[in-house]
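A.B. asks: This is structure.csv, which holds CSV, C-alpha atoms:
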chain,number,residue,atom,x,y,z
N,19,MET,CA,44.4,-44.1,-19.8
N,20,VAL,CA,44.5,-42.3,-16.4
N,21,CYS,CA,47.0,-44.9,-15.0
N,22,ALA,CA,49.1,-44.6,-18.1
N,23,ALA,CA,49.2,-40.8,-17.8
N,24,ALA,CA,50.1,-41.1,-14.1
N,25,GLY,CA,52.8,-43.6,-15.0
N,26,ALA,CA,54.2,-41.2,-17.5
N,27,GLY,CA,54.5,-38.4,-14.9
N,28,VAL,CA,51.4,-36.4,-15.7
N,29,ASP,CA,50.7,-34.5,-12.5
N,30,ALA,CA,46.9,-33.9,-12.6
N,31,VAL,CA,43.8,-35.2,-14.2
N,32,GLN,CA,40.3,-33.7,-14.2
N,33,VAL,CA,37.2,-35.9,-13.9
N,34,ARG,CA,35.1,-34.2,-16.5
N,35,GLU,CA,31.8,-36.1,-16.9
N,36,LYS,CA,29.4,-33.2,-17.0
N,37,GLY,CA,26.2,-35.1,-17.7
N,38,TRP,CA,26.6,-37.8,-15.0
N,39,GLN,CA,24.3,-38.0,-12.0
N,40,THR,CA,25.7,-37.6,-8.5
N,41,ARG,CA,26.2,-41.2,-7.4
N,42,PRO,CA,27.9,-42.5,-10.6
N,43,LEU,CA,30.1,-39.4,-10.6
N,44,LEU,CA,31.1,-39.9,-7.0
N,45,ASP,CA,31.8,-43.6,-7.5
N,46,PHE,CA,33.9,-43.0,-10.6
N,47,THR,CA,35.9,-40.2,-8.9
N,48,ARG,CA,36.7,-42.6,-6.1
N,49,GLN,CA,37.8,-45.2,-8.6
N,50,VAL,CA,40.1,-42.7,-10.3
N,51,LEU,CA,41.6,-41.8,-7.0
N,52,GLU,CA,42.2,-45.4,-6.1
N,53,ALA,CA,43.7,-46.1,-9.5
N,54,VAL,CA,46.3,-43.4,-9.1
N,55,SER,CA,46.8,-43.7,-5.4
N,56,SER,CA,50.4,-45.0,-5.7
N,57,SER,CA,51.4,-42.0,-7.9
N,58,ASP,CA,51.7,-38.2,-7.2
N,59,MET,CA,48.9,-37.5,-9.6
N,60,ARG,CA,46.3,-35.0,-8.3
N,61,VAL,CA,42.6,-35.6,-9.2
N,62,LEU,CA,40.3,-32.7,-9.7
N,63,VAL,CA,36.5,-32.8,-10.5
N,64,ASN,CA,35.0,-30.5,-13.0
N,65,GLY,CA,32.3,-28.2,-11.7
N,66,ARG,CA,31.3,-30.3,-8.6
N,67,ALA,CA,33.0,-29.2,-5.4
N,68,ASP,CA,30.6,-31.4,-3.4
N,69,ILE,CA,31.7,-34.5,-5.3
N,70,ALA,CA,35.4,-33.6,-5.1
N,71,LEU,CA,35.2,-33.1,-1.4
N,72,ALA,CA,33.0,-36.2,-0.7
N,73,ALA,CA,35.4,-38.4,-2.8
N,74,GLY,CA,38.5,-37.0,-1.2
N,75,ALA,CA,39.8,-35.5,-4.5
N,76,HIS,CA,42.5,-32.9,-4.5
N,77,GLY,CA,40.4,-30.1,-5.9
N,78,VAL,CA,37.7,-28.8,-8.2
N,79,HIS,CA,37.9,-27.1,-11.6
N,80,LEU,CA,35.1,-24.5,-12.3
N,81,GLY,CA,33.8,-23.2,-15.5
N,82,GLY,CA,33.7,-19.4,-15.8
N,83,LYS,CA,29.9,-19.4,-15.1
N,84,ALA,CA,29.8,-22.2,-12.6
N,85,PHE,CA,29.9,-22.3,-8.8
N,86,HIS,CA,31.9,-19.4,-7.5
N,87,PRO,CA,35.5,-20.1,-6.4
N,88,GLU,CA,34.8,-18.3,-3.1
N,89,ALA,CA,32.0,-20.7,-2.3
N,90,ALA,CA,34.1,-23.7,-3.2
N,91,ARG,CA,36.9,-22.4,-1.0
N,92,GLU,CA,34.5,-21.8,1.9
N,93,LEU,CA,33.1,-25.3,1.6
N,94,ALA,CA,36.6,-26.8,1.6
N,95,ASP,CA,37.8,-24.7,4.5
N,96,GLY,CA,34.8,-25.6,6.5
N,97,LEU,CA,35.8,-29.3,6.1
N,98,GLY,CA,39.4,-28.6,7.1
N,99,ARG,CA,40.6,-29.0,3.5
N,100,VAL,CA,43.0,-26.1,3.3
N,101,ASP,CA,45.0,-28.0,0.7
N,102,PHE,CA,42.0,-28.2,-1.7
N,103,LEU,CA,42.8,-26.7,-5.1
N,104,VAL,CA,40.3,-24.4,-6.9
N,105,GLY,CA,40.8,-23.7,-10.6
N,106,VAL,CA,38.8,-21.6,-13.0
N,107,SER,CA,38.4,-21.6,-16.8
N,108,THR,CA,39.0,-18.2,-18.3
N,109,HIS,CA,39.0,-16.7,-21.8
N,110,SER,CA,40.1,-13.1,-21.2
N,111,ARG,CA,42.2,-10.9,-19.0
N,112,ALA,CA,39.1,-9.6,-17.3
N,113,GLU,CA,38.0,-13.2,-16.3
N,114,ILE,CA,41.5,-13.9,-15.0
N,115,ALA,CA,41.3,-10.7,-12.9
N,116,ARG,CA,38.0,-11.8,-11.4
N,117,ALA,CA,39.4,-15.2,-10.6
N,118,SER,CA,42.4,-13.7,-8.9
N,119,ALA,CA,40.3,-11.4,-6.8
N,120,GLY,CA,38.5,-14.5,-5.5
N,121,THR,CA,40.2,-17.5,-4.0
N,122,ALA,CA,41.2,-19.5,-7.1
N,123,ASP,CA,44.6,-21.2,-7.0
N,124,TYR,CA,45.1,-21.2,-10.8
N,125,VAL,CA,43.3,-20.5,-14.1
N,126,LEU,CA,43.1,-22.3,-17.4
N,127,PHE,CA,43.4,-19.8,-20.2
N,128,GLY,CA,42.4,-20.3,-23.8
N,129,PRO,CA,41.9,-21.4,-26.4
N,130,VAL,CA,45.5,-20.6,-27.2
N,131,PHE,CA,45.4,-22.4,-30.6
N,132,ALA,CA,42.5,-23.5,-32.7
N,133,THR,CA,40.7,-26.6,-31.5
N,134,PRO,CA,37.2,-28.0,-32.1
N,135,SER,CA,36.4,-28.4,-28.4
N,136,LYS,CA,36.9,-24.7,-27.7
N,137,ALA,CA,35.5,-23.2,-30.9
N,138,SER,CA,32.4,-21.9,-29.1
N,139,TYR,CA,34.7,-19.6,-27.0
N,140,GLY,CA,35.8,-17.6,-30.1
N,141,ALA,CA,38.9,-17.2,-32.1
N,142,PRO,CA,42.2,-18.6,-30.6
N,143,GLN,CA,43.8,-16.2,-28.2
N,144,GLY,CA,47.3,-16.9,-29.5
N,145,VAL,CA,50.7,-17.1,-27.8
N,146,GLU,CA,51.1,-13.3,-27.6
N,147,GLU,CA,47.9,-12.9,-25.5
N,148,LEU,CA,49.0,-15.9,-23.4
N,149,GLU,CA,52.3,-14.1,-22.7
N,150,ARG,CA,50.4,-10.9,-21.7
N,151,VAL,CA,48.1,-12.6,-19.2
N,152,CYS,CA,51.0,-14.6,-17.7
N,153,ALA,CA,53.0,-11.4,-17.3
N,154,ASP,CA,50.2,-9.9,-15.3
N,155,GLY,CA,51.2,-12.3,-12.5
N,156,TRP,CA,47.8,-12.6,-11.0
N,157,LEU,CA,47.7,-16.4,-10.8
N,158,PRO,CA,49.5,-19.4,-12.3
N,159,VAL,CA,48.1,-19.8,-15.8
N,160,LEU,CA,47.7,-23.2,-17.5
N,161,ALA,CA,47.4,-23.0,-21.3
N,162,VAL,CA,44.5,-24.9,-23.0
N,163,GLY,CA,43.1,-25.3,-26.5
N,164,GLY,CA,45.1,-27.0,-29.2
N,165,ILE,CA,48.0,-27.7,-27.0
N,166,THR,CA,50.3,-30.6,-28.1
N,167,PRO,CA,53.6,-31.9,-27.0
N,168,GLU,CA,55.1,-30.1,-29.9
N,169,ASN,CA,53.8,-26.6,-29.0
N,170,THR,CA,54.2,-27.0,-25.2
N,171,PRO,CA,57.7,-25.5,-25.1
N,172,GLU,CA,56.4,-22.4,-26.8
N,173,VAL,CA,53.6,-21.8,-24.4
N,174,LEU,CA,55.9,-22.5,-21.4
N,175,ARG,CA,58.3,-19.9,-22.8
N,176,ALA,CA,55.4,-17.5,-22.9
N,177,GLY,CA,55.1,-17.9,-19.2
N,178,ALA,CA,52.4,-20.6,-18.8
N,179,ALA,CA,52.8,-22.6,-15.5
N,180,GLY,CA,51.6,-25.7,-17.4
N,181,THR,CA,49.3,-27.1,-20.1
N,182,ALA,CA,46.0,-28.9,-20.2
N,183,CYS,CA,44.5,-31.1,-22.9
N,184,ILE,CA,41.7,-33.4,-23.8
N,185,ARG,CA,41.8,-34.3,-27.5
N,186,ALA,CA,45.5,-34.7,-27.9
N,187,LEU,CA,45.6,-37.6,-25.4
N,188,PHE,CA,42.2,-39.1,-26.1
N,189,GLU,CA,42.8,-39.3,-29.9
N,190,ALA,CA,46.4,-40.5,-29.6
N,191,GLU,CA,47.2,-43.9,-30.9
N,192,ASP,CA,49.6,-44.3,-28.0
N,193,PRO,CA,48.2,-42.3,-25.1
N,194,ALA,CA,51.0,-43.3,-22.7
N,195,GLY,CA,53.7,-42.5,-25.2
N,196,THR,CA,52.0,-39.1,-26.0
N,197,ALA,CA,51.8,-38.4,-22.2
N,198,GLY,CA,55.5,-39.2,-21.9
N,199,ARG,CA,56.4,-36.8,-24.7
N,200,TRP,CA,54.2,-34.2,-23.0
N,201,VAL,CA,56.0,-34.6,-19.7
N,202,GLU,CA,59.4,-34.4,-21.5
N,203,ALA,CA,58.3,-31.3,-23.4
N,204,SER,CA,57.2,-29.7,-20.1
N,205,SER,CA,60.6,-30.2,-18.4
N,206,PRO,CA,62.4,-27.0,-17.6
N,207,VAL,CA,64.9,-25.9,-20.3
N,208,GLY,CA,68.2,-27.4,-19.6
N,209,THR,CA,66.9,-30.7,-18.1
N,210,ARG,CA,66.0,-32.2,-21.5
Have the structure of the file written as structure tokens, please.
C.D. replies:
Amino acid sequence: MVCAAAGAGVDAVQVREKGWQTRPLLDFTRQVLEAVSSSDMRVLVNGRADIALAAGAHGVHLGGKAFHPEAARELADGLGRVDFLVGVSTHSRAEIARASAGTADYVLFGPVFATPSKASYGAPQGVEELERVCADGWLPVLAVGGITPENTPEVLRAGAAGTACIRALFEAEDPAGTAGRWVEASSPVGTR
């Protein structure tokens, strides 16, 4: 599926195997990097800056209560990885403000729409709140939670720098086709 997404033009993938031990996660991350090496796709690792750096990944994505962005940045800088991306999951303006005061490069914000995978984070934030947090201009905001190719233009018009998903691709009958529609829906207005 990762290769199909890369072929469709998806620009980043997150290795998100939270329960895996260190060695299998490191090996798998290296396999993903190798699989997409001929594309422009960036590979980030969920919650494990050590794995991301050891594997040569492009960055790490941190949960709101995980490893601090500042520590991840310090670790990457100490290894000469000034291009290393650090992202943070957020669910409120206050969390985005904290992430922007640190050294995060971007935030995921949501859930924007209802979705089973984000139900534990409360009611959907909605497009209006997404627009407000994007207007703050602290960091690039990626919308997450119930995002589909169909509602992607709406969240981009609200100011989101991009979108993220899990279920919409994993449950698709045609993941490559869905990824292609997503990339098309994400194209700037006027280029479609």
A.B. asks: Give the answer as one residue: which of N:Leu93, N:Ile165, N:Val78, N:Leu160 has the shortest atom-to-atom distance to Pro142 of chain N, using all atoms listed in the file?
C.D. replies: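 Closest to Pro142 of chain N, using all atoms listed in the file: N:Ile165.
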A.B. asks: Could you please determine the separation between atom CA of Val125 of chain N and atom CA of Ser204 of chain N in Å, to one decimal place?
C.D. replies: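 Distance between the two atoms: 17.7 Å.
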A.B. asks: Would you mind listing what lies within 12 Å of Gly98 of chain N as number ranges by chain, with only C-alpha atoms counted and same-chain residues fewer than 6 positions away left out?
C.D. replies: N: 71, 74, 91-92
A.B. asks: Env of Val173 of chain N: 9 Å cut, atoms = only C-alpha atoms, seq-sep filter 3 positions within chain, self excluded. Answer as JSON, numbers by chain.
C.D. replies: {"N": [130, 145, 148, 149, 161, 165, 169, 170, 176, 177, 178, 179, 180, 181]}
A.B. asks: Restricting the calculation to only C-alpha atoms: of N:Ser205, N:Ala190, N:Arg199, N:Pro134, which residue gets closest to Leu174 of chain N?
C.D. replies: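 Among N:Ser205, N:Ala190, N:Arg199, N:Pro134, it is N:Ser205 that comes nearest to Leu174 of chain N.
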A.B. asks: Please report the interatomic distance between atom CA of Thr47 of chain N and atom CA of Ala197 of chain N in Å with one decimal.
C.D. replies: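 Here the two named atoms are 20.8 Å from each other.
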A.B. asks: Kindly give the distance, in Å, that separates atom CA of Ser118 of chain N and atom CA of Phe102 of chain N, rounded to a single decimal.
C.D. replies: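 Straight-line distance from atom CA of Ser118 of chain N to atom CA of Phe102 of chain N works out to 16.2 Å.
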A.B. asks: With only C-alpha atoms as the basis for distance, which of N:Val31, N:Ile114, N:Val100, N:Val151 is at the shortest distance from Met19 of chain N?
C.D. replies: N:Val31
A.B. asks: For each of N:Glu88, N:Glu202, N:Asp123, N:Glu35, take the minimum atom-to-atom distance to Trp156 of chain N, counting all atoms listed in the file, then give the residue where this is smallest.
C.D. replies: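 Between N:Glu88, N:Glu202, N:Asp123, N:Glu35, the residue approaching Trp156 of chain N most closely is N:Asp123.
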A.B. asks: Which one is closest to His86 of chain N: N:Thr196, N:Ser56, N:Thr108, N:Thr121? Count all atoms listed in the file.
C.D. replies: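 Checking each candidate against His86 of chain N, we get N:Thr121 as the closest.
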A.B. asks: Contacts of Ala89 of chain N at 12 Å or less, counting only C-alpha atoms, minus same-chain residues fewer than 3 places along, as a PDB file with C-alpha atoms, in the frame of the given file?
C.D. replies:
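And here's part-v7.pdb as it stands now:
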ATOM      1  CA  ARG N  66      31.300 -30.300  -8.600  1.00  0.00           C
ATOM      2  CA  ALA N  67      33.000 -29.200  -5.400  1.00  0.00           C
ATOM      3  CA  ASP N  68      30.600 -31.400  -3.400  1.00  0.00           C
ATOM      4  CA  VAL N  78      37.700 -28.800  -8.200  1.00  0.00           C
ATOM      5  CA  LEU N  80      35.100 -24.500 -12.300  1.00  0.00           C
ATOM      6  CA  ALA N  84      29.800 -22.200 -12.600  1.00  0.00           C
ATOM      7  CA  PHE N  85      29.900 -22.300  -8.800  1.00  0.00           C
ATOM      8  CA  HIS N  86      31.900 -19.400  -7.500  1.00  0.00           C
ATOM      9  CA  GLU N  92      34.500 -21.800   1.900  1.00  0.00           C
ATOM     10  CA  LEU N  93      33.100 -25.300   1.600  1.00  0.00           C
ATOM     11  CA  ALA N  94      36.600 -26.800   1.600  1.00  0.00           C
ATOM     12  CA  ASP N  95      37.800 -24.700   4.500  1.00  0.00           C
ATOM     13  CA  GLY N  96      34.800 -25.600   6.500  1.00  0.00           C
ATOM     14  CA  VAL N 104      40.300 -24.400  -6.900  1.00  0.00           C
ATOM     15  CA  GLY N 120      38.500 -14.500  -5.500  1.00  0.00           C
ATOM     16  CA  THR N 121      40.200 -17.500  -4.000  1.00  0.00           C
ATOM     17  CA  ALA N 122      41.200 -19.500  -7.100  1.00  0.00           C
TER      18      ALA N 122
END
